[in-house]
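Asker: Dropping in run-v5.cif, which is mmCIF, C-alpha atoms:
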data_coords
loop_
_atom_site.label_atom_id
_atom_site.label_comp_id
_atom_site.auth_asym_id
_atom_site.auth_seq_id
_atom_site.Cartn_x
_atom_site.Cartn_y
_atom_site.Cartn_z
CA MET A 1 -19.43 -22.93 38.92
CA GLU A 2 -22.55 -23.26 36.86
CA GLY A 3 -22.47 -23.74 33.12
CA PHE A 4 -23.32 -20.15 32.21
CA ALA A 5 -20.46 -18.63 34.14
CA LEU A 6 -17.99 -21.04 32.57
CA ALA A 7 -19.30 -20.23 29.10
CA TYR A 8 -18.89 -16.47 29.61
CA MET A 9 -15.43 -16.97 31.06
CA GLY A 10 -14.43 -19.20 28.17
CA ALA A 11 -15.66 -16.69 25.62
CA GLY A 12 -13.84 -13.85 27.34
CA ILE A 13 -10.55 -15.69 27.70
CA GLY A 14 -10.74 -17.01 24.14
CA LEU A 15 -11.36 -13.52 22.80
CA GLY A 16 -8.42 -12.16 24.79
CA LEU A 17 -6.12 -14.85 23.44
CA ALA A 18 -7.26 -14.15 19.90
CA VAL A 19 -6.55 -10.45 20.35
CA ILE A 20 -3.08 -11.24 21.73
CA GLY A 21 -2.34 -13.39 18.69
CA ALA A 22 -3.56 -10.72 16.29
CA GLY A 23 -1.61 -8.02 18.09
CA LEU A 24 1.63 -10.02 17.93
CA GLY A 25 1.13 -10.85 14.26
CA ILE A 26 0.27 -7.33 13.18
CA GLY A 27 3.16 -6.00 15.26
CA LYS A 28 5.60 -8.30 13.47
CA LEU A 29 4.22 -7.23 10.12
CA ALA A 30 4.58 -3.57 11.02
CA ALA A 31 8.16 -4.15 12.24
CA GLY A 32 9.05 -5.95 9.02
CA LEU A 33 7.48 -3.14 7.00
CA ALA A 34 9.40 -0.43 8.86
CA GLU A 35 12.67 -2.30 8.55
CA GLY A 36 12.14 -2.94 4.86
CA ILE A 37 11.44 0.71 4.19
CA ALA A 38 14.49 1.68 6.26
CA ARG A 39 16.76 -0.57 4.22
CA GLN A 40 15.45 0.52 0.83
CA PRO A 41 13.24 3.60 0.87
CA SER A 42 12.63 3.42 -2.86
CA ALA A 43 10.70 0.17 -2.53
CA VAL A 44 7.99 1.62 -0.27
CA ALA A 45 5.10 0.92 -2.64
CA GLN A 46 6.07 -2.68 -3.25
CA ILE A 47 6.71 -3.51 0.38
CA THR A 48 3.48 -1.87 1.49
CA GLY A 49 1.62 -3.78 -1.19
CA ALA A 50 3.11 -7.05 -0.01
CA VAL A 51 2.22 -6.31 3.63
CA ASN A 52 -1.34 -5.19 2.88
CA LEU A 53 -2.85 -8.56 2.14
CA PRO A 54 -1.55 -10.57 5.16
CA LEU A 55 -2.38 -7.61 7.40
CA PHE A 56 -6.04 -7.66 6.51
CA LEU A 57 -6.27 -11.43 6.50
CA LEU A 58 -4.93 -11.40 10.07
CA GLU A 59 -7.32 -8.65 11.10
CA GLY A 60 -10.10 -10.74 9.60
CA VAL A 61 -9.05 -13.70 11.75
CA ALA A 62 -9.27 -11.55 14.88
CA ILE A 63 -12.71 -10.32 13.89
CA LEU A 64 -13.90 -13.85 13.18
CA ALA A 65 -12.76 -14.78 16.71
CA GLU A 66 -14.75 -11.83 18.07
CA VAL A 67 -17.84 -12.94 16.16
CA PHE A 68 -17.62 -16.50 17.45
CA ALA A 69 -17.06 -15.31 21.02
CA LEU A 70 -20.15 -13.13 20.69
CA LEU A 71 -22.08 -16.13 19.36
CA ILE A 72 -21.05 -18.17 22.39
CA VAL A 73 -22.34 -15.46 24.70
CA LEU A 74 -25.55 -14.72 22.82
CA LEU A 75 -26.61 -18.23 21.89
CA LYS A 76 -25.71 -19.89 25.22
CA MET H 1 -54.55 -0.27 18.15
CA GLN H 2 -52.83 -3.22 19.77
CA ILE H 3 -49.41 -1.95 18.72
CA GLU H 4 -50.21 1.48 20.19
CA ALA H 5 -51.16 -0.12 23.48
CA GLN H 6 -47.98 -2.13 23.43
CA ALA H 7 -45.89 0.96 22.71
CA THR H 8 -47.46 2.87 25.60
CA GLU H 9 -46.84 -0.09 27.86
CA GLN H 10 -43.21 -0.27 26.79
CA ALA H 11 -42.77 3.46 27.26
CA ALA H 12 -44.17 3.22 30.78
CA GLU H 13 -41.88 0.29 31.50
CA ALA H 14 -38.88 2.13 30.13
CA ALA H 15 -39.70 5.21 32.16
CA ALA H 16 -40.02 3.05 35.23
CA GLU H 17 -36.84 1.04 34.76
CA GLY H 18 -34.68 3.88 33.49
CA PHE H 19 -32.15 3.94 30.71
CA ASN H 20 -31.43 0.49 29.32
CA ALA H 21 -28.16 0.98 27.48
CA GLY H 22 -28.08 -2.47 25.90
CA GLU H 23 -31.51 -2.11 24.35
CA VAL H 24 -30.87 1.38 23.02
CA ILE H 25 -27.57 0.36 21.44
CA ILE H 26 -29.03 -2.73 19.80
CA GLU H 27 -32.00 -0.74 18.52
CA HIS H 28 -29.69 1.82 16.92
CA VAL H 29 -27.53 -0.78 15.18
CA ALA H 30 -29.80 -3.63 14.19
CA ASN H 31 -32.41 -3.78 11.47
CA SER H 32 -35.90 -2.40 11.98
CA GLY H 33 -38.26 -4.95 13.49
CA LEU H 34 -38.99 -7.89 11.23
CA ASP H 35 -42.60 -7.99 12.39
CA HIS H 36 -43.47 -4.41 11.42
CA PRO H 37 -41.49 -3.61 8.27
CA LEU H 38 -41.43 -0.31 6.40
CA ILE H 39 -43.36 -1.52 3.38
CA HIS H 40 -45.33 -4.69 3.77
CA LEU H 41 -44.96 -6.92 0.71
CA PRO H 42 -46.42 -10.40 0.16
CA THR H 43 -44.65 -13.64 1.01
CA ILE H 44 -43.67 -15.39 -2.22
CA GLY H 45 -42.45 -18.98 -2.04
CA GLY H 46 -41.85 -18.82 1.68
CA ILE H 47 -39.70 -15.67 1.45
CA ASP H 48 -41.11 -12.53 3.00
CA PHE H 49 -40.34 -9.68 0.60
CA SER H 50 -41.28 -6.89 3.02
CA VAL H 51 -38.99 -3.90 3.03
CA THR H 52 -37.05 -3.34 6.25
CA LYS H 53 -34.76 -0.46 7.16
CA HIS H 54 -31.61 -2.06 5.77
CA VAL H 55 -33.28 -2.95 2.47
CA PHE H 56 -34.48 0.64 2.24
CA MET H 57 -30.93 1.86 2.88
CA LEU H 58 -29.67 -0.46 0.14
CA TRP H 59 -32.04 1.26 -2.29
CA VAL H 60 -31.01 4.71 -1.04
CA VAL H 61 -27.31 3.89 -1.46
CA ALA H 62 -27.80 2.40 -4.91
CA ALA H 63 -29.86 5.39 -6.06
CA THR H 64 -27.32 7.85 -4.62
CA VAL H 65 -24.32 6.15 -6.23
CA PHE H 66 -26.13 5.82 -9.55
CA LEU H 67 -27.23 9.46 -9.64
CA VAL H 68 -23.92 10.92 -8.49
CA VAL H 69 -21.72 8.91 -10.84
CA THR H 70 -24.03 9.16 -13.86
CA LEU H 71 -24.56 12.91 -13.53
CA MET H 72 -20.84 13.53 -13.08
CA VAL H 73 -19.88 11.45 -16.09
CA ARG H 74 -22.62 12.91 -18.31
CA ARG H 75 -21.56 16.44 -17.45
CA TYR H 76 -17.95 15.54 -18.19
CA LEU H 77 -18.80 13.97 -21.57
CA ARG H 78 -20.83 16.99 -22.65
CA GLN H 79 -17.75 19.18 -22.66
CA ASP H 80 -16.07 20.12 -25.95
CA ARG H 81 -12.62 18.96 -24.92
CA LEU H 82 -12.55 15.98 -22.58
CA VAL H 83 -10.57 17.57 -19.76
CA PRO H 84 -11.61 16.32 -16.31
CA THR H 85 -12.18 19.00 -13.70
CA GLY H 86 -13.20 19.03 -10.07
CA SER H 87 -15.27 16.06 -9.01
CA MET H 88 -14.60 14.17 -12.24
CA ASN H 89 -10.93 14.29 -11.27
CA ALA H 90 -11.77 12.59 -7.99
CA LEU H 91 -13.80 9.90 -9.74
CA GLU H 92 -11.00 9.29 -12.24
CA SER H 93 -8.43 9.03 -9.45
CA ILE H 94 -10.58 6.42 -7.67
CA VAL H 95 -10.97 4.41 -10.88
CA GLU H 96 -7.25 4.61 -11.61
CA PHE H 97 -6.37 3.68 -8.05
CA ILE H 98 -8.52 0.54 -8.12
CA ARG H 99 -7.47 -0.43 -11.62
CA ASP H 100 -3.72 0.13 -11.20
CA THR H 101 -3.04 -0.88 -7.61
CA VAL H 102 -5.74 -3.45 -6.90
CA VAL H 103 -6.95 -5.14 -10.06
CA SER H 104 -3.93 -5.05 -12.35
CA PRO H 105 -1.30 -6.55 -10.01
CA ALA H 106 -3.67 -9.31 -8.94
CA VAL H 107 -5.25 -10.28 -12.23
CA GLY H 108 -2.61 -9.53 -14.84
CA PRO H 109 -2.74 -7.18 -17.82
CA LYS H 110 -4.80 -9.51 -20.01
CA TRP H 111 -7.84 -9.61 -17.68
CA THR H 112 -7.71 -6.13 -16.10
CA ASN H 113 -10.34 -4.63 -18.37
CA ALA H 114 -12.60 -7.62 -17.83
CA TRP H 115 -12.65 -7.45 -14.03
CA THR H 116 -12.25 -3.75 -13.23
CA PRO H 117 -15.98 -2.88 -13.59
CA LEU H 118 -17.08 -5.50 -11.07
CA LEU H 119 -14.38 -4.58 -8.55
CA LEU H 120 -15.04 -0.86 -8.97
CA THR H 121 -18.75 -1.48 -8.36
CA LEU H 122 -18.01 -3.45 -5.22
CA PHE H 123 -15.62 -0.77 -3.94
CA VAL H 124 -17.87 2.23 -4.61
CA PHE H 125 -21.01 0.53 -3.35
CA ILE H 126 -19.43 -0.71 -0.11
CA LEU H 127 -17.77 2.65 0.48
CA ALA H 128 -21.05 4.51 -0.08
CA ALA H 129 -23.07 2.10 2.08
CA ASN H 130 -20.55 2.35 4.92
CA ALA H 131 -20.30 6.14 4.66
CA ILE H 132 -24.05 6.79 4.56
CA GLY H 133 -24.27 4.82 7.80
CA MET H 134 -21.99 7.37 9.47
CA LEU H 135 -24.21 10.33 8.59
CA PRO H 136 -26.80 10.90 11.35
CA ILE H 137 -29.56 11.53 8.82
CA PHE H 138 -32.22 9.62 10.69
CA ASP H 139 -31.37 11.19 14.03
CA VAL H 140 -31.97 14.61 12.47
CA LEU H 141 -35.21 13.29 10.95
CA ALA H 142 -36.24 11.97 14.38
CA LEU H 143 -35.63 15.39 15.94
CA ALA H 144 -37.63 17.00 13.13
CA ASN H 145 -40.41 14.52 13.76
CA HIS H 146 -40.44 15.28 17.48
CA TRP H 147 -40.37 19.08 17.30
CA VAL H 148 -41.84 19.96 13.90
CA PHE H 149 -43.80 17.28 12.10
CA GLY H 150 -45.22 14.92 14.68
CA PHE H 151 -45.98 11.96 12.40
CA GLY H 152 -47.19 8.93 14.28
CA GLU H 153 -45.31 5.76 15.15
CA GLU H 154 -47.16 3.78 12.50
CA SER H 155 -46.58 6.09 9.53
CA PHE H 156 -43.83 5.34 7.03
CA TYR H 157 -41.84 8.31 8.35
CA GLY H 158 -42.23 7.11 11.91
CA MET H 159 -41.19 3.54 11.16
CA LEU H 160 -38.26 4.81 9.09
CA LEU H 161 -36.66 6.09 12.28
CA HIS H 162 -36.19 2.68 13.89
CA GLY H 163 -33.10 0.61 13.32
CA GLY H 164 -29.60 1.42 12.18
CA SER H 165 -28.87 3.06 8.83
CA THR H 166 -25.73 1.14 7.87
CA ALA H 167 -26.80 -1.39 5.29
CA THR H 168 -23.46 -3.21 5.36
CA SER H 169 -23.64 -3.77 9.12
CA ASN H 170 -26.21 -6.48 8.38
CA PHE H 171 -24.47 -9.77 7.67
CA ASN H 172 -27.15 -10.68 5.15
CA VAL H 173 -26.20 -7.71 2.99
CA THR H 174 -22.49 -8.49 3.17
CA ALA H 175 -23.26 -12.15 2.55
CA ALA H 176 -24.98 -11.14 -0.69
CA LEU H 177 -21.87 -9.21 -1.72
CA ALA H 178 -19.71 -12.19 -0.79
CA VAL H 179 -21.89 -14.47 -2.92
CA VAL H 180 -21.21 -12.12 -5.83
CA SER H 181 -17.48 -12.54 -5.13
CA PHE H 182 -17.86 -16.32 -4.88
CA PHE H 183 -19.44 -16.60 -8.31
CA ALA H 184 -16.99 -14.06 -9.75
CA ILE H 185 -14.11 -16.32 -8.68
CA ILE H 186 -15.71 -19.36 -10.32
CA VAL H 187 -16.49 -17.43 -13.50
CA ALA H 188 -12.94 -16.02 -13.62
CA GLY H 189 -11.39 -19.46 -13.35
CA SER H 190 -13.79 -20.90 -15.89
CA LYS H 191 -13.14 -18.15 -18.42
CA ALA H 192 -9.40 -18.58 -18.09
CA HIS H 193 -9.17 -22.38 -18.00
CA GLY H 194 -12.50 -23.70 -19.20
CA ALA H 195 -15.35 -24.87 -17.00
CA VAL H 196 -13.70 -28.20 -16.13
CA GLY H 197 -10.20 -26.72 -15.97
CA HIS H 198 -11.10 -24.38 -13.13
CA TRP H 199 -12.19 -27.26 -10.91
CA LYS H 200 -9.19 -29.35 -11.92
CA ASN H 201 -6.96 -26.47 -10.82
CA LEU H 202 -8.21 -26.79 -7.27
CA VAL H 203 -5.48 -29.30 -6.51
CA PRO H 204 -1.95 -28.51 -7.65
CA HIS H 205 -0.53 -30.54 -10.51
CA GLY H 206 2.28 -33.00 -10.04
CA VAL H 207 1.27 -34.43 -6.68
CA SER H 208 0.56 -38.08 -6.10
CA PRO H 209 -3.11 -39.03 -6.76
CA ALA H 210 -3.68 -40.09 -3.15
CA LEU H 211 -2.55 -36.70 -1.86
CA ALA H 212 -4.62 -34.96 -4.51
CA VAL H 213 -7.78 -36.77 -3.39
CA ALA H 214 -7.04 -35.88 0.21
CA LEU H 215 -6.59 -32.24 -0.76
CA ILE H 216 -10.01 -31.91 -2.40
CA PRO H 217 -12.10 -31.45 0.79
CA ILE H 218 -9.55 -29.01 2.17
CA GLU H 219 -9.63 -26.95 -0.99
CA ILE H 220 -13.43 -26.97 -1.11
CA LEU H 221 -13.52 -25.88 2.52
CA GLY H 222 -11.11 -23.08 1.70
CA MET H 223 -13.30 -22.04 -1.20
CA LEU H 224 -16.30 -21.75 1.12
CA VAL H 225 -14.52 -20.11 4.05
CA ARG H 226 -13.28 -17.18 1.97
CA PRO H 227 -16.72 -15.63 1.25
CA PHE H 228 -17.71 -16.33 4.86
CA ALA H 229 -14.66 -14.41 6.09
CA LEU H 230 -15.44 -11.54 3.69
CA THR H 231 -18.99 -11.43 5.06
CA MET H 232 -18.10 -11.42 8.72
CA ARG H 233 -15.14 -9.07 8.36
CA LEU H 234 -17.22 -6.29 6.81
CA ALA H 235 -20.33 -6.81 8.95
CA ALA H 236 -18.42 -7.04 12.25
CA ASN H 237 -16.25 -4.00 11.48
CA MET H 238 -19.26 -1.83 10.68
CA THR H 239 -21.33 -3.00 13.66
CA GLY H 240 -18.44 -2.76 16.12
CA GLY H 241 -17.64 0.85 15.38
CA HIS H 242 -21.22 1.98 15.85
CA ILE H 243 -21.65 -0.01 19.05
CA ALA H 244 -18.49 1.59 20.47
CA ILE H 245 -19.67 5.12 19.72
CA LEU H 246 -23.15 4.46 21.12
CA ALA H 247 -21.75 2.82 24.27
CA ILE H 248 -19.57 5.84 24.97
CA LEU H 249 -22.45 8.22 24.44
CA SER H 250 -24.59 6.08 26.75
CA PHE H 251 -22.29 7.01 29.62
CA VAL H 252 -23.91 10.44 29.67
CA PHE H 253 -27.34 8.95 30.29
CA ILE H 254 -26.09 6.39 32.78
CA PHE H 255 -24.38 9.07 34.85
CA THR H 256 -27.40 11.35 34.59
CA GLU H 257 -29.50 8.57 36.02
CA MET H 258 -27.04 7.86 38.79
CA ALA H 259 -26.02 11.34 39.89
CA GLY H 260 -28.21 14.01 38.33
CA GLN H 261 -28.13 16.31 35.33
CA MET H 262 -25.00 18.37 36.03
CA VAL H 263 -22.82 15.28 36.46
CA GLY H 264 -24.25 13.82 33.28
CA MET H 265 -23.54 16.97 31.29
CA GLY H 266 -20.07 17.25 32.82
CA ILE H 267 -19.20 13.69 31.90
CA GLY H 268 -20.57 14.33 28.45
CA LEU H 269 -18.55 17.46 27.82
CA ALA H 270 -15.32 16.28 29.35
CA PHE H 271 -15.22 12.64 28.32
CA SER H 272 -18.02 11.22 26.23
CA VAL H 273 -18.29 13.66 23.36
CA PRO H 274 -14.54 14.07 22.69
CA LEU H 275 -13.98 10.32 22.84
CA ALA H 276 -16.98 9.69 20.58
CA VAL H 277 -15.57 12.23 18.11
CA ALA H 278 -12.19 10.47 18.16
CA ILE H 279 -13.78 7.08 17.56
CA SER H 280 -15.89 8.54 14.76
CA ALA H 281 -12.69 9.77 13.12
CA LEU H 282 -11.31 6.23 13.47
CA GLU H 283 -14.55 4.96 11.95
CA ILE H 284 -13.94 7.05 8.84
CA ILE H 285 -10.59 5.32 8.40
CA VAL H 286 -12.19 1.94 9.03
CA ILE H 287 -14.85 2.67 6.38
CA LEU H 288 -12.23 3.37 3.72
CA VAL H 289 -10.06 0.44 4.75
CA GLN H 290 -12.89 -2.10 4.86
CA ALA H 291 -14.16 -1.15 1.39
CA TYR H 292 -10.57 -1.40 0.11
CA VAL H 293 -9.99 -4.75 1.81
CA PHE H 294 -13.14 -6.35 0.44
CA THR H 295 -12.19 -5.24 -3.08
CA LEU H 296 -8.54 -6.23 -2.64
CA LEU H 297 -9.35 -9.70 -1.36
CA THR H 298 -11.86 -10.34 -4.14
CA ALA H 299 -9.28 -9.21 -6.70
CA VAL H 300 -6.62 -11.46 -5.17
CA PHE H 301 -8.90 -14.47 -5.15
CA ILE H 302 -9.92 -13.82 -8.77
CA GLY H 303 -6.24 -13.53 -9.65
CA MET H 304 -5.50 -16.81 -7.87
CA ALA H 305 -8.24 -18.52 -9.87
CA ILE H 306 -6.87 -17.13 -13.14
CA HIS H 307 -3.18 -17.80 -12.46
CA ALA H 308 -3.66 -21.22 -10.89
CA HIS H 309 -0.86 -22.79 -12.92
CA HIS H 310 1.75 -21.41 -10.48
#
Translate this structure into structure tokens?
Answerer:
Amino acid sequence: MEGFALAYMGAGIGLGLAVIGAGLGIGKLAAGLAEGIARQPSAVAQITGAVNLPLFLLEGVAILAEVFALLIVLLK
Amino acid sequence: MQIEAQATEQAAEAAAEGFNAGEVIIEHVANSGLDHPLIHLPTIGGIDFSVTKHVFMLWVVAATVFLVVTLMVRRYLRQDRLVPTGSMNALESIVEFIRDTVVSPAVGPKWTNAWTPLLLTLFVFILAANAIGMLPIFDVLALANHWVFGFGEESFYGMLLHGGSTATSNFNVTAALAVVSFFAIIVAGSKAHGAVGHWKNLVPHGVSPALAVALIPIEILGMLVRPFALTMRLAANMTGGHIAILAILSFVFIFTEMAGQMVGMGIGLAFSVPLAVAISALEIIVILVQAYVFTLLTAVFIGMAIHAHH
């Protein structure tokens, strides 16, 4: 295969892997959040506050992966 | 004259080759062309100060936020008894939300009043810039231009219609905001621990000197990666949403080209428009969340610089 095709494939596969990682991580966070609220409903605000920050950091990681994959495709 | 000839040529090409979805999407999201800006300003010190679409939108957003907030607050202060009503209530709830749930837990009670103005400014400005990008103002203006006014391509009005209207979808704009955050973190640490103390706090105390020296490049890298992540997070989120909506709406034109008008309209009614509406609703959530996240992360980093004693 020529270089271009490999580059596109690499970008696509890398992006998919990054999305899988982000999905798993955010899913675990959501599960932990739901379980925490189920165990102690009065602590909703605190638990949500604690989950907020890692959630958005993880989403940021996924978006950074998307940006770099796009760079690979656009800059060749 | 040359630009008119070029435009006619491009129009003929476009009519010949049909609907180019990629080009249309990029044109609706990116900045107006760097070679024919809205207002041509001189090049000072190697930096071209010409005004492009995104710079113009920055001014519009700043003017809008300034006018709305100032008029609301002035009208509130002119009352006899200071009882907030209506829109002032909304503004107060936003301020209280940012101060009590974002700034205060991150920064501590001693520094809340010092850092709330900056974080409120970031939040309101990013929210306004994102939201104004969702309003199809310039599409309405383009329709008005086509059917009513008929200003040329070269007039200010005509050039205003090119390019996307979301200022924060441009990574240069979000990079500027991230630079503000970067210096805010340094200033916060310096005010709390002294100018030298902030830099000494980069490595934790009580580790062996060899490990501390090894940690310095890692910490400096971390310091630089955080504003970069802030930049790309906001820019990519804003661009991605608009590209998704435009791509879905492009299906109508692609199917019209392939199979005729009725199929195009059918696809539009049954699939494109409802899905685009759903994604626009998602975009509204993303707008709120991204403004909140930028502010939250800046507040957390400022808090980490202030409370670096662990």
Asker: Within 10 Å of chain A, which residues of chain H are there when counting all atoms listed in the file? Please give them as a list in words.
Answerer: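 That gives Thr101, Val102, Pro105, Phe228, Ala229, Leu230, Thr231, Met232, Arg233, Leu234, Ala235, Ala236, Asn237, Gly240, Val289, Gln290, Val293, Phe294, Leu296, Leu297 and Val300 of chain H for chain H.
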Asker: Okay, now the selection with C-alpha atoms, as a short mmCIF file (atom, residue, chain, number, x, y, z; two decimals), in the frame of the given file?
Answerer:
data_model
loop_
_atom_site.label_atom_id
_atom_site.label_comp_id
_atom_site.auth_asym_id
_atom_site.auth_seq_id
_atom_site.Cartn_x
_atom_site.Cartn_y
_atom_site.Cartn_z
CA THR H 101 -3.04 -0.88 -7.61
CA VAL H 102 -5.74 -3.45 -6.90
CA PRO H 105 -1.30 -6.55 -10.01
CA PHE H 228 -17.71 -16.33 4.86
CA ALA H 229 -14.66 -14.41 6.09
CA LEU H 230 -15.44 -11.54 3.69
CA THR H 231 -18.99 -11.43 5.06
CA MET H 232 -18.10 -11.42 8.72
CA ARG H 233 -15.14 -9.07 8.36
CA LEU H 234 -17.22 -6.29 6.81
CA ALA H 235 -20.33 -6.81 8.95
CA ALA H 236 -18.42 -7.04 12.25
CA ASN H 237 -16.25 -4.00 11.48
CA GLY H 240 -18.44 -2.76 16.12
CA VAL H 289 -10.06 0.44 4.75
CA GLN H 290 -12.89 -2.10 4.86
CA VAL H 293 -9.99 -4.75 1.81
CA PHE H 294 -13.14 -6.35 0.44
CA LEU H 296 -8.54 -6.23 -2.64
CA LEU H 297 -9.35 -9.70 -1.36
CA VAL H 300 -6.62 -11.46 -5.17
#
Asker: Can you tell me which residues surround H:His162 at a distance of at most 12 Å, considering all atoms listed in the file, apart from same-chain residues fewer than 2 positions away, and format the answer as a ChimeraX atom specification?
Answerer: /H:24-34,36-38,52-54,56,138-139,141-142,153-160,164-165
Asker: For the file shown, report as a VMD selection string the outcome of the PyMOL selection byres ((chain H and resi 271-284) around 12) at residue level.
Answerer: chain H and resid 127 to 128 130 to 136 237 to 255 263 to 270 285 to 291
Asker: Next, dump the selected residues to file, keeping only C-alpha atoms, as a PDB file, in the coordinates of the input.
Answerer:
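Written file, again_14.pdb:
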ATOM      1  CA  LEU H 127     -17.770   2.650   0.480  1.00  0.00           C
ATOM      2  CA  ALA H 128     -21.050   4.510  -0.080  1.00  0.00           C
ATOM      3  CA  ASN H 130     -20.550   2.350   4.920  1.00  0.00           C
ATOM      4  CA  ALA H 131     -20.300   6.140   4.660  1.00  0.00           C
ATOM      5  CA  ILE H 132     -24.050   6.790   4.560  1.00  0.00           C
ATOM      6  CA  GLY H 133     -24.270   4.820   7.800  1.00  0.00           C
ATOM      7  CA  MET H 134     -21.990   7.370   9.470  1.00  0.00           C
ATOM      8  CA  LEU H 135     -24.210  10.330   8.590  1.00  0.00           C
ATOM      9  CA  PRO H 136     -26.800  10.900  11.350  1.00  0.00           C
ATOM     10  CA  ASN H 237     -16.250  -4.000  11.480  1.00  0.00           C
ATOM     11  CA  MET H 238     -19.260  -1.830  10.680  1.00  0.00           C
ATOM     12  CA  THR H 239     -21.330  -3.000  13.660  1.00  0.00           C
ATOM     13  CA  GLY H 240     -18.440  -2.760  16.120  1.00  0.00           C
ATOM     14  CA  GLY H 241     -17.640   0.850  15.380  1.00  0.00           C
ATOM     15  CA  HIS H 242     -21.220   1.980  15.850  1.00  0.00           C
ATOM     16  CA  ILE H 243     -21.650  -0.010  19.050  1.00  0.00           C
ATOM     17  CA  ALA H 244     -18.490   1.590  20.470  1.00  0.00           C
ATOM     18  CA  ILE H 245     -19.670   5.120  19.720  1.00  0.00           C
ATOM     19  CA  LEU H 246     -23.150   4.460  21.120  1.00  0.00           C
ATOM     20  CA  ALA H 247     -21.750   2.820  24.270  1.00  0.00           C
ATOM     21  CA  ILE H 248     -19.570   5.840  24.970  1.00  0.00           C
ATOM     22  CA  LEU H 249     -22.450   8.220  24.440  1.00  0.00           C
ATOM     23  CA  SER H 250     -24.590   6.080  26.750  1.00  0.00           C
ATOM     24  CA  PHE H 251     -22.290   7.010  29.620  1.00  0.00           C
ATOM     25  CA  VAL H 252     -23.910  10.440  29.670  1.00  0.00           C
ATOM     26  CA  PHE H 253     -27.340   8.950  30.290  1.00  0.00           C
ATOM     27  CA  ILE H 254     -26.090   6.390  32.780  1.00  0.00           C
ATOM     28  CA  PHE H 255     -24.380   9.070  34.850  1.00  0.00           C
ATOM     29  CA  VAL H 263     -22.820  15.280  36.460  1.00  0.00           C
ATOM     30  CA  GLY H 264     -24.250  13.820  33.280  1.00  0.00           C
ATOM     31  CA  MET H 265     -23.540  16.970  31.290  1.00  0.00           C
ATOM     32  CA  GLY H 266     -20.070  17.250  32.820  1.00  0.00           C
ATOM     33  CA  ILE H 267     -19.200  13.690  31.900  1.00  0.00           C
ATOM     34  CA  GLY H 268     -20.570  14.330  28.450  1.00  0.00           C
ATOM     35  CA  LEU H 269     -18.550  17.460  27.820  1.00  0.00           C
ATOM     36  CA  ALA H 270     -15.320  16.280  29.350  1.00  0.00           C
ATOM     37  CA  ILE H 285     -10.590   5.320   8.400  1.00  0.00           C
ATOM     38  CA  VAL H 286     -12.190   1.940   9.030  1.00  0.00           C
ATOM     39  CA  ILE H 287     -14.850   2.670   6.380  1.00  0.00           C
ATOM     40  CA  LEU H 288     -12.230   3.370   3.720  1.00  0.00           C
ATOM     41  CA  VAL H 289     -10.060   0.440   4.750  1.00  0.00           C
ATOM     42  CA  GLN H 290     -12.890  -2.100   4.860  1.00  0.00           C
ATOM     43  CA  ALA H 291     -14.160  -1.150   1.390  1.00  0.00           C
TER      44      ALA H 291
END
Asker: Would you write out, as a list of chain:residue names, every residue that the PyMOL selection byres ((chain A and resi 71-74) around 10) captures in this file?
Answerer: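 Listing what the PyMOL selection byres ((chain A and resi 71-74) around 10) selects in the shown file: A:Phe4, A:Ala7, A:Tyr8, A:Met9, A:Gly10, A:Ala11, A:Gly12, A:Ala65, A:Glu66, A:Val67, A:Phe68, A:Ala69, A:Leu70, A:Leu75, A:Lys76.
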Asker: Write the residues you've just listed into a file as an mmCIF file, in the coordinates of the input, and include C-alpha atoms for each of them.
Answerer:
data_model
loop_
_atom_site.group_PDB
_atom_site.id
_atom_site.type_symbol
_atom_site.label_atom_id
_atom_site.label_comp_id
_atom_site.auth_asym_id
_atom_site.auth_seq_id
_atom_site.Cartn_x
_atom_site.Cartn_y
_atom_site.Cartn_z
ATOM 1 C CA PHE A 4 -23.320 -20.150 32.210
ATOM 2 C CA ALA A 7 -19.300 -20.230 29.100
ATOM 3 C CA TYR A 8 -18.890 -16.470 29.610
ATOM 4 C CA MET A 9 -15.430 -16.970 31.060
ATOM 5 C CA GLY A 10 -14.430 -19.200 28.170
ATOM 6 C CA ALA A 11 -15.660 -16.690 25.620
ATOM 7 C CA GLY A 12 -13.840 -13.850 27.340
ATOM 8 C CA ALA A 65 -12.760 -14.780 16.710
ATOM 9 C CA GLU A 66 -14.750 -11.830 18.070
ATOM 10 C CA VAL A 67 -17.840 -12.940 16.160
ATOM 11 C CA PHE A 68 -17.620 -16.500 17.450
ATOM 12 C CA ALA A 69 -17.060 -15.310 21.020
ATOM 13 C CA LEU A 70 -20.150 -13.130 20.690
ATOM 14 C CA LEU A 75 -26.610 -18.230 21.890
ATOM 15 C CA LYS A 76 -25.710 -19.890 25.220
#
Asker: Which polymer residues have any atom within 10 Å of an atom of H:Ile220, counting only C-alpha atoms, with same-chain residues fewer than 6 positions away left out, as a PyMOL selection string?
Answerer: chain H and resi 199+202-203
Asker: Under the rule that all atoms listed in the file are counted, which of A:Ala22, A:Leu15, A:Leu6, A:Val51 is the nearest residue to A:Ala34?
Answerer: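 Answer, going by the shortest atom-to-atom distance: A:Val51.
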Asker: Restricting the calculation to only C-alpha atoms: of H:Met262, H:Ile302, H:Ile216, H:Val207, which residue gets closest to H:Ser190?
Answerer: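 Once distances to H:Ser190 are computed over only C-alpha atoms, the minimum belongs to H:Ile302.
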Asker: Would you mind reading off the distance between atom CA of H:Met304 and atom CA of H:Val107, one decimal, in Å?
Answerer: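 Those two atoms sit 7.9 Å apart.
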Asker: To one decimal place in Å, what is the distance between atom CA of H:Gly189 and atom CA of H:Ser208?
Answerer: 23.3 Å
